[in-house]
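S.K.: The following file, run07.tsv, comprises TSV, C-alpha atoms:
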```tsv
chain	number	residue	atom	x	y	z
A	27	GLY	CA	131.21	139.46	52.26
A	28	ALA	CA	133.06	137.23	49.84
A	29	VAL	CA	134.73	134.07	51.10
A	30	VAL	CA	138.37	133.20	50.66
A	31	SER	CA	139.87	129.97	51.93
A	32	GLN	CA	143.44	128.88	52.48
A	33	HIS	CA	144.93	125.45	52.83
A	34	PRO	CA	146.61	124.30	54.91
A	35	SER	CA	145.86	126.41	57.96
A	36	TRP	CA	149.19	125.44	59.48
A	37	VAL	CA	152.21	123.47	58.38
A	38	ILE	CA	155.45	122.37	59.99
A	39	CYS	CA	158.29	121.32	57.74
A	40	LYS	CA	161.99	120.57	57.85
A	41	SER	CA	164.55	123.05	56.63
A	42	GLY	CA	165.26	122.61	52.92
A	43	THR	CA	161.86	121.30	51.94
A	44	SER	CA	159.25	123.10	49.84
A	45	VAL	CA	155.78	124.00	51.00
A	46	LYS	CA	152.74	124.85	48.87
A	47	ILE	CA	149.92	127.03	50.17
A	48	GLU	CA	146.62	127.27	48.31
A	49	CYS	CA	144.30	130.27	48.22
A	50	ARG	CA	140.79	129.90	46.83
A	51	SER	CA	137.96	132.36	46.27
A	52	LEU	CA	134.88	130.28	46.99
A	53	ASP	CA	131.99	132.40	45.78
A	54	PHE	CA	133.44	134.88	43.33
A	55	GLN	CA	135.99	135.07	40.56
A	56	ALA	CA	139.22	136.69	41.69
A	57	THR	CA	141.02	138.45	38.90
A	58	THR	CA	143.73	139.53	41.30
A	59	MET	CA	145.15	137.78	44.32
A	60	PHE	CA	147.65	139.13	46.78
A	61	TRP	CA	150.08	137.33	49.06
A	62	TYR	CA	151.15	138.82	52.37
A	63	ARG	CA	153.30	137.72	55.24
A	64	GLN	CA	152.87	138.84	58.79
A	65	PHE	CA	155.33	138.52	61.63
A	66	PRO	CA	154.09	138.51	65.24
A	67	LYS	CA	152.59	141.83	66.31
A	68	GLN	CA	153.44	143.39	62.97
A	69	SER	CA	151.32	144.49	60.07
A	70	LEU	CA	150.78	142.77	56.78
A	71	MET	CA	153.61	143.08	54.31
A	72	LEU	CA	152.67	142.60	50.68
A	73	MET	CA	154.87	140.03	48.99
A	74	ALA	CA	153.39	139.84	45.52
A	75	THR	CA	150.38	140.54	43.35
A	76	SER	CA	149.17	137.95	40.90
A	77	ASN	CA	146.70	138.29	38.06
A	78	GLU	CA	145.06	135.25	36.55
A	79	GLY	CA	147.06	133.89	33.65
A	80	SER	CA	150.05	136.17	34.03
A	81	LYS	CA	153.27	136.32	36.01
A	82	ALA	CA	153.17	137.65	39.53
A	83	THR	CA	154.55	141.07	40.40
A	84	TYR	CA	156.85	140.88	43.39
A	85	GLU	CA	157.52	143.62	45.91
A	86	GLN	CA	161.01	144.91	46.37
A	87	GLY	CA	163.11	142.58	48.46
A	88	VAL	CA	160.97	139.49	47.87
A	89	GLU	CA	162.82	136.69	46.08
A	90	LYS	CA	160.67	135.46	43.22
A	91	ASP	CA	162.65	132.24	42.89
A	92	LYS	CA	162.05	131.44	46.52
A	93	PHE	CA	158.38	132.36	46.67
A	94	LEU	CA	156.79	130.88	43.56
A	95	ILE	CA	153.30	132.12	42.80
A	96	ASN	CA	150.90	130.56	40.34
A	97	HIS	CA	147.46	131.97	39.54
A	98	ALA	CA	146.20	129.39	37.08
A	99	SER	CA	142.47	130.04	37.41
A	100	LEU	CA	140.08	132.74	38.55
A	101	THR	CA	139.52	130.96	41.84
A	102	LEU	CA	142.92	129.55	42.75
A	103	SER	CA	146.36	130.92	43.48
A	104	THR	CA	149.24	129.00	45.04
A	105	LEU	CA	152.33	130.15	46.89
A	106	THR	CA	155.24	127.72	47.06
A	107	VAL	CA	158.00	128.43	49.53
A	108	THR	CA	161.00	126.65	48.06
A	109	SER	CA	163.88	125.35	50.14
A	110	ALA	CA	162.31	126.75	53.27
A	111	HIS	CA	164.49	127.90	56.16
A	112	PRO	CA	163.62	128.84	59.74
A	113	GLU	CA	163.61	132.55	58.85
A	114	ASP	CA	160.72	131.83	56.45
A	115	SER	CA	158.56	130.87	59.43
A	116	SER	CA	155.69	133.32	59.40
A	117	PHE	CA	151.95	133.77	58.94
A	118	TYR	CA	151.13	133.85	55.23
A	119	ILE	CA	147.84	135.42	54.22
A	120	CYS	CA	146.27	135.72	50.81
A	121	SER	CA	143.58	138.08	49.66
A	122	ALA	CA	141.45	138.18	46.57
A	123	ARG	CA	139.77	140.91	44.60
A	124	GLY	CA	137.03	140.55	42.01
A	125	THR	CA	135.88	143.04	39.41
A	126	SER	CA	132.25	143.68	40.22
A	127	GLY	CA	129.46	142.40	42.34
A	128	LYS	CA	130.63	140.07	45.03
A	129	GLY	CA	134.31	140.67	45.61
A	130	GLY	CA	133.96	144.07	43.99
A	131	ASN	CA	137.03	146.23	44.24
A	132	GLU	CA	137.69	145.29	47.85
A	133	GLN	CA	140.21	142.77	49.06
A	134	PHE	CA	138.86	139.83	51.02
A	135	PHE	CA	141.34	137.89	53.08
A	136	GLY	CA	141.82	134.23	53.72
A	137	PRO	CA	142.26	132.87	57.25
A	138	GLY	CA	146.03	132.59	56.88
A	139	THR	CA	148.56	129.76	56.95
A	140	ARG	CA	151.05	129.49	59.76
A	141	LEU	CA	154.33	128.08	58.50
A	142	THR	CA	156.93	126.78	60.93
A	143	VAL	CA	160.25	125.63	59.52
A	144	LEU	CA	162.35	123.53	61.85
Y	30	GLN	CA	158.38	158.46	57.44
Y	31	LYS	CA	155.94	155.60	56.87
Y	32	GLU	CA	153.15	156.18	54.40
Y	33	VAL	CA	150.59	155.12	56.99
Y	34	GLU	CA	151.02	155.65	60.73
Y	35	GLN	CA	148.96	153.87	63.35
Y	36	ASP	CA	149.46	153.68	67.10
Y	37	PRO	CA	150.07	150.00	67.95
Y	38	GLY	CA	148.51	150.28	71.41
Y	39	PRO	CA	147.48	148.26	73.28
Y	40	LEU	CA	144.36	150.25	74.03
Y	41	SER	CA	142.33	149.01	76.99
Y	42	VAL	CA	138.78	150.24	77.57
Y	43	PRO	CA	135.89	149.13	79.78
Y	44	GLU	CA	132.91	147.39	78.25
Y	45	GLY	CA	130.40	149.86	76.87
Y	46	ALA	CA	132.97	152.57	76.15
Y	47	ILE	CA	133.26	154.41	72.86
Y	48	VAL	CA	136.52	153.49	71.16
Y	49	SER	CA	138.36	155.77	68.79
Y	50	LEU	CA	141.03	154.31	66.50
Y	51	ASN	CA	143.04	156.48	64.15
Y	52	CYS	CA	145.50	156.48	61.29
Y	53	THR	CA	147.39	159.26	59.60
Y	54	TYR	CA	148.91	159.12	56.17
Y	55	SER	CA	151.22	161.10	53.99
Y	56	ASN	CA	150.16	160.22	50.43
Y	57	SER	CA	147.45	162.63	49.32
Y	58	ALA	CA	146.66	160.35	46.36
Y	59	PHE	CA	144.99	157.75	48.60
Y	60	GLN	CA	141.28	157.60	47.83
Y	61	TYR	CA	140.06	154.29	49.27
Y	62	PHE	CA	140.20	153.75	53.01
Y	63	MET	CA	139.51	150.48	54.78
Y	64	TRP	CA	139.35	149.18	58.30
Y	65	TYR	CA	140.00	145.54	59.04
Y	66	ARG	CA	139.62	143.59	62.26
Y	67	GLN	CA	142.03	140.77	62.92
Y	68	TYR	CA	141.68	138.26	65.71
Y	69	SER	CA	144.77	136.47	66.93
Y	70	ARG	CA	146.07	133.91	64.40
Y	71	LYS	CA	143.28	134.72	61.92
Y	72	GLY	CA	143.08	136.58	58.65
Y	73	PRO	CA	141.83	140.20	58.58
Y	74	GLU	CA	138.10	140.75	58.25
Y	75	LEU	CA	136.83	143.78	56.37
Y	76	LEU	CA	134.79	146.10	58.62
Y	77	MET	CA	134.44	149.32	56.71
Y	78	TYR	CA	135.26	150.47	53.19
Y	79	THR	CA	135.01	154.15	52.30
Y	80	TYR	CA	135.81	156.23	49.30
Y	81	SER	CA	137.12	159.78	49.61
Y	82	SER	CA	136.07	162.00	52.53
Y	83	GLY	CA	133.10	161.81	54.84
Y	84	ASN	CA	131.47	159.45	57.28
Y	85	LYS	CA	130.10	155.97	56.94
Y	86	GLU	CA	128.13	154.12	59.57
Y	87	ASP	CA	127.44	150.41	59.95
Y	88	GLY	CA	125.83	149.29	63.17
Y	89	ARG	CA	128.13	150.15	66.06
Y	90	PHE	CA	130.94	151.17	63.72
Y	91	THR	CA	131.52	154.59	62.16
Y	92	ALA	CA	134.37	155.38	59.81
Y	93	GLN	CA	135.49	158.95	59.19
Y	94	VAL	CA	137.85	160.23	56.56
Y	95	ASP	CA	139.34	163.72	56.62
Y	96	LYS	CA	141.43	164.04	53.51
Y	97	SER	CA	142.40	167.65	54.23
Y	98	SER	CA	144.11	166.48	57.43
Y	99	LYS	CA	145.14	163.08	56.01
Y	100	TYR	CA	143.47	161.45	58.98
Y	101	ILE	CA	141.02	158.59	59.26
Y	102	SER	CA	139.17	157.25	62.27
Y	103	LEU	CA	137.10	154.26	63.28
Y	104	PHE	CA	134.66	154.65	66.15
Y	105	ILE	CA	133.17	151.69	67.97
Y	106	ARG	CA	130.12	152.40	70.12
Y	107	ASP	CA	129.04	150.27	73.06
Y	108	SER	CA	132.24	148.25	72.86
Y	109	GLN	CA	132.06	144.58	73.78
Y	110	PRO	CA	134.72	142.09	74.94
Y	111	SER	CA	134.25	140.37	71.58
Y	112	ASP	CA	135.59	143.54	69.94
Y	113	SER	CA	139.00	142.77	71.45
Y	114	ALA	CA	141.24	142.35	68.42
Y	115	THR	CA	143.79	144.18	66.32
Y	116	TYR	CA	142.35	146.84	64.04
Y	117	LEU	CA	144.22	147.59	60.85
Y	118	CYS	CA	143.69	150.57	58.61
Y	119	ALA	CA	144.49	150.21	54.93
Y	120	MET	CA	144.56	152.61	52.02
Y	121	SER	CA	144.89	152.40	48.29
Y	122	VAL	CA	145.38	154.51	45.21
Y	123	PRO	CA	143.15	153.39	42.34
Y	124	PRO	CA	143.20	152.26	39.66
Y	125	GLY	CA	145.71	149.67	38.65
Y	126	THR	CA	146.82	146.93	40.99
Y	127	TYR	CA	144.74	148.22	43.90
Y	128	LYS	CA	147.73	147.70	46.13
Y	129	TYR	CA	146.86	148.28	49.77
Y	130	ILE	CA	149.14	150.01	52.25
Y	131	PHE	CA	148.45	148.85	55.79
Y	132	GLY	CA	149.01	150.51	59.12
Y	133	THR	CA	150.75	148.50	61.81
Y	134	GLY	CA	147.45	147.83	63.58
Y	135	THR	CA	146.12	148.87	66.99
Y	136	ARG	CA	145.54	146.16	69.59
Y	137	LEU	CA	142.27	146.77	71.42
Y	138	LYS	CA	141.23	145.13	74.67
Y	139	VAL	CA	137.70	145.61	75.91
Y	140	LEU	CA	137.48	144.66	79.56
Y	141	ALA	CA	134.33	143.02	80.89
```
Would you encode the structure as structure tokens?

M.R.:
Amino acid sequence: GAVVSQHPSWVICKSGTSVKIECRSLDFQATTMFWYRQFPKQSLMLMATSNEGSKATYEQGVEKDKFLINHASLTLSTLTVTSAHPEDSSFYICSARGTSGKGGNEQFFGPGTRLTVL
Amino acid sequence: QKEVEQDPGPLSVPEGAIVSLNCTYSNSAFQYFMWYRQYSRKGPELLMYTYSSGNKEDGRFTAQVDKSSKYISLFIRDSQPSDSATYLCAMSVPPGTYKYIFGTGTRLKVLA
């Protein structure tokens, strides 16, 4: 399958600081990337969908000013959690979808980033 | 009612058993059905990807889709301790954003 990486794999930060998480498709061009968050023993909740070169589409209830998403190239999307608070502590996972060939129409997931806000 | 329902388990089986994992859904427009395996603190890994109804087999894994009953299944033959993970079903309505709707996941434990 296609390979998606995330960086960092875990991060601890102080309340009020901002954290940037990178998502990269390593061996295919991702026209669409998705950002999810997952709380312990719960399923993945879609936060936003981003298409290369355009603004992200946020799911209902997700604050776009708090969770800034940039999809500047076909292989990189970033999620910035601004002014993080302890309730933002979660497992953030990205996925990427190509158009044909490798990546196809399926979503391939990154390994996730565990964010802990103190 | 959730769009996708999945028993969270945990489901414990002995090594070598046949495992049956299931999801039901309410949206008849779903056409793509996926099964993902997720190990603790890792991202989901795509296991099976099926379109519309029918069966698909890959090694020890078989995915079944019954659109008339709005019911999908994943069977694991000769289960191994390394199969212990959470299994998530996901569905989507093409085309467009290809937004996936996930089940809550079933935790599986295969006992040696």

S.K.: Go through chain Y residue by residue and, counting all atoms listed in the file, keep those with an atom at most 7 Å from chain A; for each kept residue give the shortest atom pair and its distance in Å to one decimal, ordered by chain and increasing number, as JSON lines.

M.R.:
```
{"residue": "Y:Lys71", "atom": "CA", "partner": "A:Pro137", "partner_atom": "CA", "distance": 5.1}
{"residue": "Y:Gly72", "atom": "CA", "partner": "A:Pro137", "partner_atom": "CA", "distance": 4.0}
{"residue": "Y:Pro73", "atom": "CA", "partner": "A:Phe135", "partner_atom": "CA", "distance": 6.0}
{"residue": "Y:Glu74", "atom": "CA", "partner": "A:Phe135", "partner_atom": "CA", "distance": 6.7}
{"residue": "Y:Leu75", "atom": "CA", "partner": "A:Phe134", "partner_atom": "CA", "distance": 7.0}
{"residue": "Y:Phe131", "atom": "CA", "partner": "A:Leu70", "partner_atom": "CA", "distance": 6.6}
{"residue": "Y:Gly132", "atom": "CA", "partner": "A:Ser69", "partner_atom": "CA", "distance": 6.5}
{"residue": "Y:Thr133", "atom": "CA", "partner": "A:Ser69", "partner_atom": "CA", "distance": 4.4}
{"residue": "Y:Gly134", "atom": "CA", "partner": "A:Ser69", "partner_atom": "CA", "distance": 6.2}
```

S.K.: As an exercise, work out the distance from atom CA of Y:Leu50 to atom CA of Y:Gln30 in Å and give it to one decimal place.

M.R.: 20.0 Å

S.K.: Report as a list in words all protein, DNA and RNA residues lying within 7 Å of Y:Ile101, evaluated on all atoms listed in the file, omitting residues in the same chain fewer than 4 positions from it.

M.R.: Asn51, Cys52, Thr53, Gln93, Val94 and Asp95 of chain Y

S.K.: Quick one, how far is atom CA of Y:Ile130 from atom CA of Y:Lys99?

M.R.: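 That distance, rounded to one decimal, is 14.2 Å.
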
S.K.: Quick one: everything within 12 Å of A:Val143, counting all atoms listed in the file, minus sequence neighbours fewer than 2 positions away in the same chain. Send it as number ranges by chain.

M.R.: A: 36-45, 107-117, 140-141

S.K.: Work out how far atom CA of Y:Ser113 is from atom CA of Y:Ile47, in Å to one decimal.

M.R.: 13.1 Å

S.K.: Of the candidates Y:Phe90, Y:Tyr80, Y:Tyr100, Y:Tyr61, which one gets nearest to Y:Val48 if we count all atoms listed in the file?

M.R.: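 Of all the options, Y:Phe90 lies closest to Y:Val48.
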